[in-house]
file my_file-v6.pdb (PDB, C-alpha atoms)
ATOM      1  CA  MET X 241       0.000   0.000   0.000
ATOM      2  CA  ARG X 242       2.840   2.353   0.848
ATOM      3  CA  LYS X 243       4.480   1.667  -2.501
ATOM      4  CA  LEU X 244       1.223   2.460  -4.290
ATOM      5  CA  ILE X 245       0.819   5.773  -2.457
ATOM      6  CA  TRP X 246       4.459   6.612  -3.127
ATOM      7  CA  LEU X 247       4.031   5.769  -6.796
ATOM      8  CA  LEU X 248       0.896   7.937  -6.993
ATOM      9  CA  ILE X 249       2.603  10.924  -5.361
ATOM     10  CA  SER X 250       5.669  10.544  -7.589
ATOM     11  CA  SER X 251       3.482  10.366 -10.678
ATOM     12  CA  LEU X 252       1.631  13.505  -9.681
ATOM     13  CA  VAL X 253       4.874  15.389  -9.149
ATOM     14  CA  VAL X 254       6.399  14.271 -12.438
ATOM     15  CA  PHE X 255       3.313  14.836 -14.584
ATOM     16  CA  SER X 256       2.323  18.143 -12.966
ATOM     17  CA  CYS X 257       5.459  19.787 -14.329
ATOM     18  CA  ASP X 258       4.900  21.563 -17.609
ATOM     19  CA  PRO X 259       8.315  22.226 -19.105
ATOM     20  CA  LYS X 260       8.556  24.845 -21.831
ATOM     21  CA  PRO X 261       8.715  23.311 -25.265
ATOM     22  CA  ALA X 262      12.093  23.491 -26.959
ATOM     23  CA  GLN X 263      10.673  25.959 -29.498
ATOM     24  CA  PHE X 264       9.033  28.262 -26.916
ATOM     25  CA  ARG X 265       8.295  31.633 -28.465
ATOM     26  CA  PRO X 266       6.422  34.370 -26.592
ATOM     27  CA  PRO X 267       3.621  36.049 -28.491
ATOM     28  CA  ASP X 268       5.041  39.576 -28.201
ATOM     29  CA  ILE X 269       8.608  40.858 -28.188
ATOM     30  CA  TYR X 270       9.325  44.596 -28.024
ATOM     31  CA  VAL X 271      12.445  46.525 -28.988
ATOM     32  CA  PRO X 272      13.339  50.068 -27.946
ATOM     33  CA  VAL X 273      13.470  52.855 -30.515
ATOM     34  CA  TYR X 274      16.085  55.452 -29.650
ATOM     35  CA  GLY X 275      16.325  59.177 -30.219
ATOM     36  CA  THR X 276      18.947  61.793 -29.459
ATOM     37  CA  LEU X 277      18.286  64.616 -27.018
ATOM     38  CA  SER X 278      18.221  67.101 -29.907
ATOM     39  CA  GLU X 279      15.573  65.005 -31.717
ATOM     40  CA  ILE X 280      13.487  64.706 -28.565
ATOM     41  CA  LYS X 281      13.445  68.466 -28.076
ATOM     42  CA  GLN X 282      11.987  69.113 -31.527
ATOM     43  CA  TYR X 283       8.306  69.908 -31.919
ATOM     44  CA  GLN X 284       6.163  70.581 -34.955
ATOM     45  CA  VAL X 285       2.571  71.062 -36.011
ATOM     46  CA  GLU X 286       1.459  68.192 -38.249
ATOM     47  CA  PRO X 287      -1.737  67.223 -40.056
ATOM     48  CA  PRO X 288      -4.354  65.365 -37.979
ATOM     49  CA  LYS X 289      -3.734  61.671 -37.322
ATOM     50  CA  SER X 290      -5.209  58.737 -35.438
ATOM     51  CA  THR X 291      -4.875  58.497 -31.681
ATOM     52  CA  VAL X 292      -2.561  55.674 -30.641
ATOM     53  CA  GLN X 293      -2.438  55.856 -26.837
ATOM     54  CA  ALA X 294      -5.008  58.317 -25.503
ATOM     55  CA  GLY X 295      -4.115  60.380 -22.479
ATOM     56  CA  LYS X 296      -5.734  63.348 -20.768
ATOM     57  CA  ILE X 297      -8.076  65.746 -22.515
ATOM     58  CA  TYR X 298      -8.428  69.465 -21.955
ATOM     59  CA  ALA X 299     -11.320  71.634 -23.125
ATOM     60  CA  TYR X 300     -10.510  75.200 -24.173
ATOM     61  CA  GLN X 301     -13.107  77.494 -25.782
ATOM     62  CA  ASN X 302     -14.525  75.478 -28.711
ATOM     63  CA  PHE X 303     -11.506  73.169 -28.862
ATOM     64  CA  ILE X 304     -10.405  69.939 -27.245
ATOM     65  CA  PHE X 305      -6.744  69.109 -26.696
ATOM     66  CA  GLN X 306      -6.108  65.385 -26.306
ATOM     67  CA  ASN X 307      -2.761  64.022 -25.210
ATOM     68  CA  ASP X 308      -1.454  61.037 -27.180
ATOM     69  CA  LEU X 309       1.012  59.581 -24.710
ATOM     70  CA  TYR X 310       4.678  59.989 -25.595
ATOM     71  CA  THR X 311       3.970  61.560 -29.006
ATOM     72  CA  GLY X 312       2.077  64.853 -28.619
ATOM     73  CA  ILE X 313      -1.307  66.575 -28.603
ATOM     74  CA  HIS X 314      -4.304  66.258 -30.916
ATOM     75  CA  ILE X 315      -6.078  69.562 -31.545
ATOM     76  CA  ILE X 316      -9.796  69.007 -32.074
ATOM     77  CA  ASP X 317     -12.350  71.579 -33.241
ATOM     78  CA  ASN X 318     -15.594  71.093 -31.300
ATOM     79  CA  LYS X 319     -17.491  74.292 -32.209
ATOM     80  CA  ASP X 320     -20.681  72.530 -33.332
ATOM     81  CA  GLN X 321     -20.502  69.555 -30.944
ATOM     82  CA  ASN X 322     -19.176  67.447 -33.820
ATOM     83  CA  PRO X 323     -15.468  66.964 -32.953
ATOM     84  CA  VAL X 324     -13.060  67.129 -35.903
ATOM     85  CA  LYS X 325      -9.293  66.740 -35.576
ATOM     86  CA  ILE X 326      -7.614  69.722 -37.216
ATOM     87  CA  ALA X 327      -3.943  69.329 -36.260
ATOM     88  CA  PHE X 328      -1.430  67.368 -34.230
ATOM     89  CA  LEU X 329       1.232  69.099 -32.137
ATOM     90  CA  HIS X 330       4.115  66.611 -32.169
ATOM     91  CA  ILE X 331       5.985  66.806 -28.844
ATOM     92  CA  PRO X 332       8.158  63.730 -28.182
ATOM     93  CA  LEU X 333       7.770  62.071 -24.756
ATOM     94  CA  ASN X 334       4.849  64.341 -23.846
ATOM     95  CA  THR X 335       2.605  62.899 -21.133
ATOM     96  CA  ASP X 336       0.700  65.865 -19.686
ATOM     97  CA  ILE X 337      -0.776  69.230 -20.645
ATOM     98  CA  ALA X 338      -2.404  72.252 -19.020
ATOM     99  CA  ILE X 339      -3.925  75.452 -20.377
ATOM    100  CA  LYS X 340      -4.121  78.865 -18.748
ATOM    101  CA  GLY X 341      -5.323  81.893 -20.653
ATOM    102  CA  ASN X 342      -4.130  81.542 -24.227
ATOM    103  CA  TYR X 343      -1.140  79.377 -23.285
ATOM    104  CA  LEU X 344      -0.715  75.629 -23.513
ATOM    105  CA  PHE X 345       1.871  74.121 -21.161
ATOM    106  CA  ALA X 346       3.272  70.653 -21.882
ATOM    107  CA  ASN X 347       6.116  68.466 -20.744
ATOM    108  CA  ASN X 348       8.713  67.484 -23.322
ATOM    109  CA  TYR X 349      10.890  64.808 -21.712
ATOM    110  CA  THR X 350      12.388  66.818 -18.806
ATOM    111  CA  ASP X 351      11.482  70.272 -20.127
ATOM    112  CA  LEU X 352       8.412  72.490 -19.889
ATOM    113  CA  VAL X 353       7.345  73.946 -23.238
ATOM    114  CA  VAL X 354       4.854  76.775 -23.693
ATOM    115  CA  PHE X 355       2.755  77.501 -26.793
ATOM    116  CA  ASP X 356       0.484  80.442 -27.604
ATOM    117  CA  ILE X 357      -2.871  78.970 -28.672
ATOM    118  CA  THR X 358      -4.654  82.213 -29.559
ATOM    119  CA  ASP X 359      -5.181  80.439 -32.891
ATOM    120  CA  PRO X 360      -5.467  76.806 -31.681
ATOM    121  CA  ALA X 361      -5.084  75.382 -35.198
ATOM    122  CA  HIS X 362      -1.638  77.019 -35.396
ATOM    123  CA  PRO X 363       0.063  76.928 -31.975
ATOM    124  CA  GLN X 364       3.126  79.170 -31.725
ATOM    125  CA  PHE X 365       6.134  78.143 -29.647
ATOM    126  CA  ILE X 366       6.866  80.673 -26.895
ATOM    127  CA  LYS X 367       9.361  79.228 -24.452
ATOM    128  CA  ARG X 368      11.235  76.184 -23.172
ATOM    129  CA  VAL X 369      12.265  75.803 -19.524
ATOM    130  CA  SER X 370      14.879  73.054 -19.224
ATOM    131  CA  ASN X 371      15.056  70.305 -16.587
ATOM    132  CA  VAL X 372      11.771  71.040 -14.831
ATOM    133  CA  PHE X 373      10.521  67.427 -14.666
ATOM    134  CA  PRO X 374      12.102  64.070 -13.853
ATOM    135  CA  SER X 375      12.819  62.089 -17.018
ATOM    136  CA  VAL X 376      10.005  60.039 -18.494
ATOM    137  CA  ASP X 377      10.580  56.388 -17.562
ATOM    138  CA  GLN X 378      10.995  54.457 -20.790
ATOM    139  CA  ASP X 379      13.135  51.648 -19.348
ATOM    140  CA  TYR X 380      10.303  49.178 -19.919
ATOM    141  CA  PRO X 381       7.598  48.832 -22.558
ATOM    142  CA  PRO X 382       4.186  50.094 -21.397
ATOM    143  CA  PHE X 383       2.880  46.512 -21.407
ATOM    144  CA  THR X 384       3.168  43.685 -18.906
ATOM    145  CA  ASN X 385       3.926  40.014 -19.399
ATOM    146  CA  VAL X 386       6.066  40.672 -22.482
ATOM    147  CA  TYR X 387       9.659  40.015 -23.458
ATOM    148  CA  PHE X 388      11.794  42.949 -24.604
ATOM    149  CA  GLN X 389      15.307  43.925 -25.548
ATOM    150  CA  CYS X 390      16.995  45.530 -22.581
ATOM    151  CA  PRO X 391      17.563  49.253 -23.260
ATOM    152  CA  ASP X 392      21.107  50.452 -23.943
ATOM    153  CA  ASN X 393      21.509  54.059 -22.767
ATOM    154  CA  SER X 394      24.624  54.465 -24.926
ATOM    155  CA  LYS X 395      22.319  54.379 -27.990
ATOM    156  CA  GLY X 396      20.301  57.408 -26.834
ATOM    157  CA  VAL X 397      16.982  57.926 -25.085
ATOM    158  CA  VAL X 398      14.185  55.398 -25.579
ATOM    159  CA  VAL X 399      11.358  57.303 -27.283
ATOM    160  CA  ARG X 400       8.989  54.384 -27.896
ATOM    161  CA  TRP X 401       8.689  50.613 -28.065
ATOM    162  CA  GLU X 402       7.892  48.624 -31.205
ATOM    163  CA  LYS X 403       6.753  45.047 -31.547
ATOM    164  CA  ASN X 404       9.335  42.904 -33.351
ATOM    165  CA  ASP X 405       8.867  39.137 -33.235
ATOM    166  CA  SER X 406      11.708  38.416 -35.670
ATOM    167  CA  ILE X 407      14.561  38.914 -33.189
ATOM    168  CA  PRO X 408      16.034  36.181 -30.950
ATOM    169  CA  LEU X 409      14.329  35.739 -27.597
ATOM    170  CA  PRO X 410      15.621  38.583 -25.375
ATOM    171  CA  ASN X 411      16.601  38.234 -21.715
ATOM    172  CA  CYS X 412      14.383  40.981 -20.329
ATOM    173  CA  ARG X 413      10.799  40.356 -19.317
ATOM    174  CA  ARG X 414       8.177  42.429 -17.604
TER     175      ARG X 414
END
call {"tool": "encode", "arguments": {"input": "my_file-v6.pdb", "output": "structure tokens"}}
result
Amino acid sequence: MRKLIWLLISSLVVFSCDPKPAQFRPPDIYVPVYGTLSEIKQYQVEPPKSTVQAGKIYAYQNFIFQNDLYTGIHIIDNKDQNPVKIAFLHIPLNTDIAIKGNYLFANNYTDLVVFDITDPAHPQFIKRVSNVFPSVDQDYPPFTNVYFQCPDNSKGVVVRWEKNDSIPLPNCRR
């Protein structure tokens, strides 16, 4: 009887293990995309585009300003309660915005940038105040339970993460 119980327990232990198959491949692997500090500090007004990762919104007069995390701000005309995107203010690593009077304040990596939005469709750069904020944490992709290439700070600042399943299985996981 003891041998039977021992055999049963041993079988349970052995068969409860689920080793990874030799060809294990996670569904998603992400790689960092790097930029230089001079590239990160560039801004520009672009044509409207789709929202990728929606952030905060801010209503101002007949306009809506919607943050698209890490890329910039969508400018939306809402004068007749039928929102229409009219422009995109590209600000790399932007995560937050505020408006006071006719001025839009936004973070740009570690800097504060100010734009005159008297004409919201054509924001005008006013000022940059350097090193106001702690750096935006881009050491990990904004997803969990994924494998990713470990960032290499010697290549620049990580500005975004892209899915790339064609690379060898990386060591980093989140």
call {"tool": "atom_distance", "arguments": {"input": "my_file-v6.pdb", "atom1": "atom CA of Asp268 of chain X", "atom2": "atom CA of Asp336 of chain X"}}
result
28.0 Å
call {"tool": "atom_distance", "arguments": {"input": "my_file-v6.pdb", "atom1": "atom CA of Val273 of chain X", "atom2": "atom CA of Val399 of chain X"}}
result
5.9 Å
call {"tool": "resolve_selection", "arguments": {"input": "my_file-v6.pdb", "expression": "the PyMOL selection byres ((chain X and resi 302) around 8)", "output": "PDB file with C-alpha atoms, keeping the file's coordinate frame"}}
result
ATOM      1  CA  ALA X 299     -11.320  71.634 -23.125  1.00  0.00           C
ATOM      2  CA  TYR X 300     -10.510  75.200 -24.173  1.00  0.00           C
ATOM      3  CA  GLN X 301     -13.107  77.494 -25.782  1.00  0.00           C
ATOM      4  CA  PHE X 303     -11.506  73.169 -28.862  1.00  0.00           C
ATOM      5  CA  ILE X 304     -10.405  69.939 -27.245  1.00  0.00           C
ATOM      6  CA  ASP X 317     -12.350  71.579 -33.241  1.00  0.00           C
ATOM      7  CA  ASN X 318     -15.594  71.093 -31.300  1.00  0.00           C
ATOM      8  CA  LYS X 319     -17.491  74.292 -32.209  1.00  0.00           C
TER       9      LYS X 319
END
call {"tool": "resolve_selection", "arguments": {"input": "my_file-v6.pdb", "expression": "the PyMOL selection byres ((chain X and resi 306) around 8)", "output": "number ranges by chain"}}
result
X: 294-298, 304-305, 307-308, 313-316
call {"tool": "resolve_selection", "arguments": {"input": "my_file-v6.pdb", "expression": "the PyMOL selection byres ((chain X and resi 332) around 12)", "output": "NGL selection string"}}
result
:X and (274-284 or 307-313 or 328-331 or 333-336 or 346-351 or 353 or 376 or 397-400)
call {"tool": "write_last_selection", "arguments": {"input": "my_file-v6.pdb", "atoms": "C-alpha atoms", "output": "mmCIF file, in the frame of the given file"}}
result
data_model
loop_
_atom_site.group_PDB
_atom_site.id
_atom_site.type_symbol
_atom_site.label_atom_id
_atom_site.label_comp_id
_atom_site.auth_asym_id
_atom_site.auth_seq_id
_atom_site.Cartn_x
_atom_site.Cartn_y
_atom_site.Cartn_z
ATOM 1 C CA TYR X 274 16.085 55.452 -29.650
ATOM 2 C CA GLY X 275 16.325 59.177 -30.219
ATOM 3 C CA THR X 276 18.947 61.793 -29.459
ATOM 4 C CA LEU X 277 18.286 64.616 -27.018
ATOM 5 C CA SER X 278 18.221 67.101 -29.907
ATOM 6 C CA GLU X 279 15.573 65.005 -31.717
ATOM 7 C CA ILE X 280 13.487 64.706 -28.565
ATOM 8 C CA LYS X 281 13.445 68.466 -28.076
ATOM 9 C CA GLN X 282 11.987 69.113 -31.527
ATOM 10 C CA TYR X 283 8.306 69.908 -31.919
ATOM 11 C CA GLN X 284 6.163 70.581 -34.955
ATOM 12 C CA ASN X 307 -2.761 64.022 -25.210
ATOM 13 C CA ASP X 308 -1.454 61.037 -27.180
ATOM 14 C CA LEU X 309 1.012 59.581 -24.710
ATOM 15 C CA TYR X 310 4.678 59.989 -25.595
ATOM 16 C CA THR X 311 3.970 61.560 -29.006
ATOM 17 C CA GLY X 312 2.077 64.853 -28.619
ATOM 18 C CA ILE X 313 -1.307 66.575 -28.603
ATOM 19 C CA PHE X 328 -1.430 67.368 -34.230
ATOM 20 C CA LEU X 329 1.232 69.099 -32.137
ATOM 21 C CA HIS X 330 4.115 66.611 -32.169
ATOM 22 C CA ILE X 331 5.985 66.806 -28.844
ATOM 23 C CA LEU X 333 7.770 62.071 -24.756
ATOM 24 C CA ASN X 334 4.849 64.341 -23.846
ATOM 25 C CA THR X 335 2.605 62.899 -21.133
ATOM 26 C CA ASP X 336 0.700 65.865 -19.686
ATOM 27 C CA ALA X 346 3.272 70.653 -21.882
ATOM 28 C CA ASN X 347 6.116 68.466 -20.744
ATOM 29 C CA ASN X 348 8.713 67.484 -23.322
ATOM 30 C CA TYR X 349 10.890 64.808 -21.712
ATOM 31 C CA THR X 350 12.388 66.818 -18.806
ATOM 32 C CA ASP X 351 11.482 70.272 -20.127
ATOM 33 C CA VAL X 353 7.345 73.946 -23.238
ATOM 34 C CA VAL X 376 10.005 60.039 -18.494
ATOM 35 C CA VAL X 397 16.982 57.926 -25.085
ATOM 36 C CA VAL X 398 14.185 55.398 -25.579
ATOM 37 C CA VAL X 399 11.358 57.303 -27.283
ATOM 38 C CA ARG X 400 8.989 54.384 -27.896
#
call {"tool": "atom_distance", "arguments": {"input": "my_file-v6.pdb", "atom1": "atom CA of Val271 of chain X", "atom2": "atom CA of Asn404 of chain X"}}
result
6.5 Å
call {"tool": "residues_around", "arguments": {"input": "my_file-v6.pdb", "residues": "Cys390 of chain X", "least_positions_apart": "5", "cutoff": "12 Å", "atoms": "all atoms listed in the file", "output": "list in words"}}
result
Ile269, Tyr270, Val271, Pro272, Val273, Gln378, Asp379, Tyr380, Pro381, Lys395, Val398, Trp401, Leu409, Pro410, Asn411, Cys412, Arg413 and Arg414 of chain X
call {"tool": "axis_aligned_box", "arguments": {"input": "my_file-v6.pdb", "around": "segment 324-327 of chain X", "padding_each_side": "8 Å", "output": "AutoDock Vina command-line options"}}
result
--center_x -8.5 --center_y 68.2 --center_z -36.4 --size_x 25.1 --size_y 19.0 --size_z 17.6
call {"tool": "build_atoms", "arguments": {"input": "my_file-v6.pdb", "residues": "segment 308-338 of chain X", "atoms": "N, CA and C atoms", "output": "JSON list (two decimals), keeping the file's coordinate frame"}}
result
[["chain", "number", "residue", "atom", "x", "y", "z"],
["X", 308, "ASP", "N", -1.75, 62.38, -26.67],
["X", 308, "ASP", "CA", -1.45, 61.04, -27.18],
["X", 308, "ASP", "C", -0.11, 60.69, -26.55],
["X", 309, "LEU", "N", -0.15, 59.82, -25.55],
["X", 309, "LEU", "CA", 1.01, 59.58, -24.71],
["X", 309, "LEU", "C", 2.29, 59.34, -25.49],
["X", 310, "TYR", "N", 3.31, 60.08, -25.08],
["X", 310, "TYR", "CA", 4.68, 59.99, -25.60],
["X", 310, "TYR", "C", 4.87, 60.54, -27.01],
["X", 311, "THR", "N", 3.79, 61.04, -27.64],
["X", 311, "THR", "CA", 3.97, 61.56, -29.01],
["X", 311, "THR", "C", 3.52, 63.01, -29.17],
["X", 312, "GLY", "N", 2.50, 63.47, -28.45],
["X", 312, "GLY", "CA", 2.08, 64.85, -28.62],
["X", 312, "GLY", "C", 0.62, 65.08, -28.29],
["X", 313, "ILE", "N", 0.03, 66.10, -28.96],
["X", 313, "ILE", "CA", -1.31, 66.58, -28.60],
["X", 313, "ILE", "C", -2.16, 66.73, -29.86],
["X", 314, "HIS", "N", -3.32, 66.10, -29.83],
["X", 314, "HIS", "CA", -4.30, 66.26, -30.92],
["X", 314, "HIS", "C", -5.10, 67.54, -30.64],
["X", 315, "ILE", "N", -5.28, 68.35, -31.67],
["X", 315, "ILE", "CA", -6.08, 69.56, -31.54],
["X", 315, "ILE", "C", -7.38, 69.30, -32.29],
["X", 316, "ILE", "N", -8.49, 69.41, -31.55],
["X", 316, "ILE", "CA", -9.80, 69.01, -32.07],
["X", 316, "ILE", "C", -10.76, 70.18, -32.02],
["X", 317, "ASP", "N", -11.35, 70.51, -33.16],
["X", 317, "ASP", "CA", -12.35, 71.58, -33.24],
["X", 317, "ASP", "C", -13.70, 70.99, -32.82],
["X", 318, "ASN", "N", -14.33, 71.60, -31.83],
["X", 318, "ASN", "CA", -15.59, 71.09, -31.30],
["X", 318, "ASN", "C", -16.66, 72.19, -31.29],
["X", 319, "LYS", "N", -16.59, 73.14, -32.25],
["X", 319, "LYS", "CA", -17.49, 74.29, -32.21],
["X", 319, "LYS", "C", -18.96, 73.94, -32.39],
["X", 320, "ASP", "N", -19.27, 72.88, -33.13],
["X", 320, "ASP", "CA", -20.68, 72.53, -33.33],
["X", 320, "ASP", "C", -21.02, 71.18, -32.70],
["X", 321, "GLN", "N", -20.30, 70.82, -31.66],
["X", 321, "GLN", "CA", -20.50, 69.56, -30.94],
["X", 321, "GLN", "C", -20.29, 68.34, -31.84],
["X", 322, "ASN", "N", -19.54, 68.53, -32.92],
["X", 322, "ASN", "CA", -19.18, 67.45, -33.82],
["X", 322, "ASN", "C", -17.65, 67.48, -33.95],
["X", 323, "PRO", "N", -16.92, 66.84, -33.00],
["X", 323, "PRO", "CA", -15.47, 66.96, -32.95],
["X", 323, "PRO", "C", -14.77, 66.54, -34.24],
["X", 324, "VAL", "N", -13.84, 67.40, -34.70],
["X", 324, "VAL", "CA", -13.06, 67.13, -35.90],
["X", 324, "VAL", "C", -11.60, 67.46, -35.59],
["X", 325, "LYS", "N", -10.72, 66.48, -35.78],
["X", 325, "LYS", "CA", -9.29, 66.74, -35.58],
["X", 325, "LYS", "C", -8.81, 67.68, -36.67],
["X", 326, "ILE", "N", -8.10, 68.74, -36.24],
["X", 326, "ILE", "CA", -7.61, 69.72, -37.22],
["X", 326, "ILE", "C", -6.09, 69.79, -37.29],
["X", 327, "ALA", "N", -5.41, 69.30, -36.25],
["X", 327, "ALA", "CA", -3.94, 69.33, -36.26],
["X", 327, "ALA", "C", -3.41, 68.42, -35.16],
["X", 328, "PHE", "N", -2.12, 68.14, -35.26],
["X", 328, "PHE", "CA", -1.43, 67.37, -34.23],
["X", 328, "PHE", "C", -0.16, 68.11, -33.89],
["X", 329, "LEU", "N", 0.03, 68.43, -32.62],
["X", 329, "LEU", "CA", 1.23, 69.10, -32.14],
["X", 329, "LEU", "C", 2.19, 68.01, -31.64],
["X", 330, "HIS", "N", 3.16, 67.68, -32.48],
["X", 330, "HIS", "CA", 4.12, 66.61, -32.17],
["X", 330, "HIS", "C", 5.11, 67.11, -31.12],
["X", 331, "ILE", "N", 5.06, 66.49, -29.93],
["X", 331, "ILE", "CA", 5.98, 66.81, -28.84],
["X", 331, "ILE", "C", 6.47, 65.46, -28.29],
["X", 332, "PRO", "N", 7.68, 65.02, -28.65],
["X", 332, "PRO", "CA", 8.16, 63.73, -28.18],
["X", 332, "PRO", "C", 8.17, 63.61, -26.66],
["X", 333, "LEU", "N", 7.80, 62.44, -26.17],
["X", 333, "LEU", "CA", 7.77, 62.07, -24.76],
["X", 333, "LEU", "C", 6.86, 62.98, -23.93],
["X", 334, "ASN", "N", 5.84, 63.53, -24.54],
["X", 334, "ASN", "CA", 4.85, 64.34, -23.85],
["X", 334, "ASN", "C", 3.84, 63.42, -23.15],
["X", 335, "THR", "N", 3.57, 63.71, -21.88],
["X", 335, "THR", "CA", 2.60, 62.90, -21.13],
["X", 335, "THR", "C", 1.52, 63.72, -20.45],
["X", 336, "ASP", "N", 1.68, 65.06, -20.41],
["X", 336, "ASP", "CA", 0.70, 65.86, -19.69],
["X", 336, "ASP", "C", 0.61, 67.26, -20.30],
["X", 337, "ILE", "N", -0.56, 67.88, -20.14],
["X", 337, "ILE", "CA", -0.78, 69.23, -20.64],
["X", 337, "ILE", "C", -1.61, 70.02, -19.65],
["X", 338, "ALA", "N", -1.54, 71.34, -19.78],
["X", 338, "ALA", "CA", -2.40, 72.25, -19.02],
["X", 338, "ALA", "C", -2.57, 73.50, -19.87]]
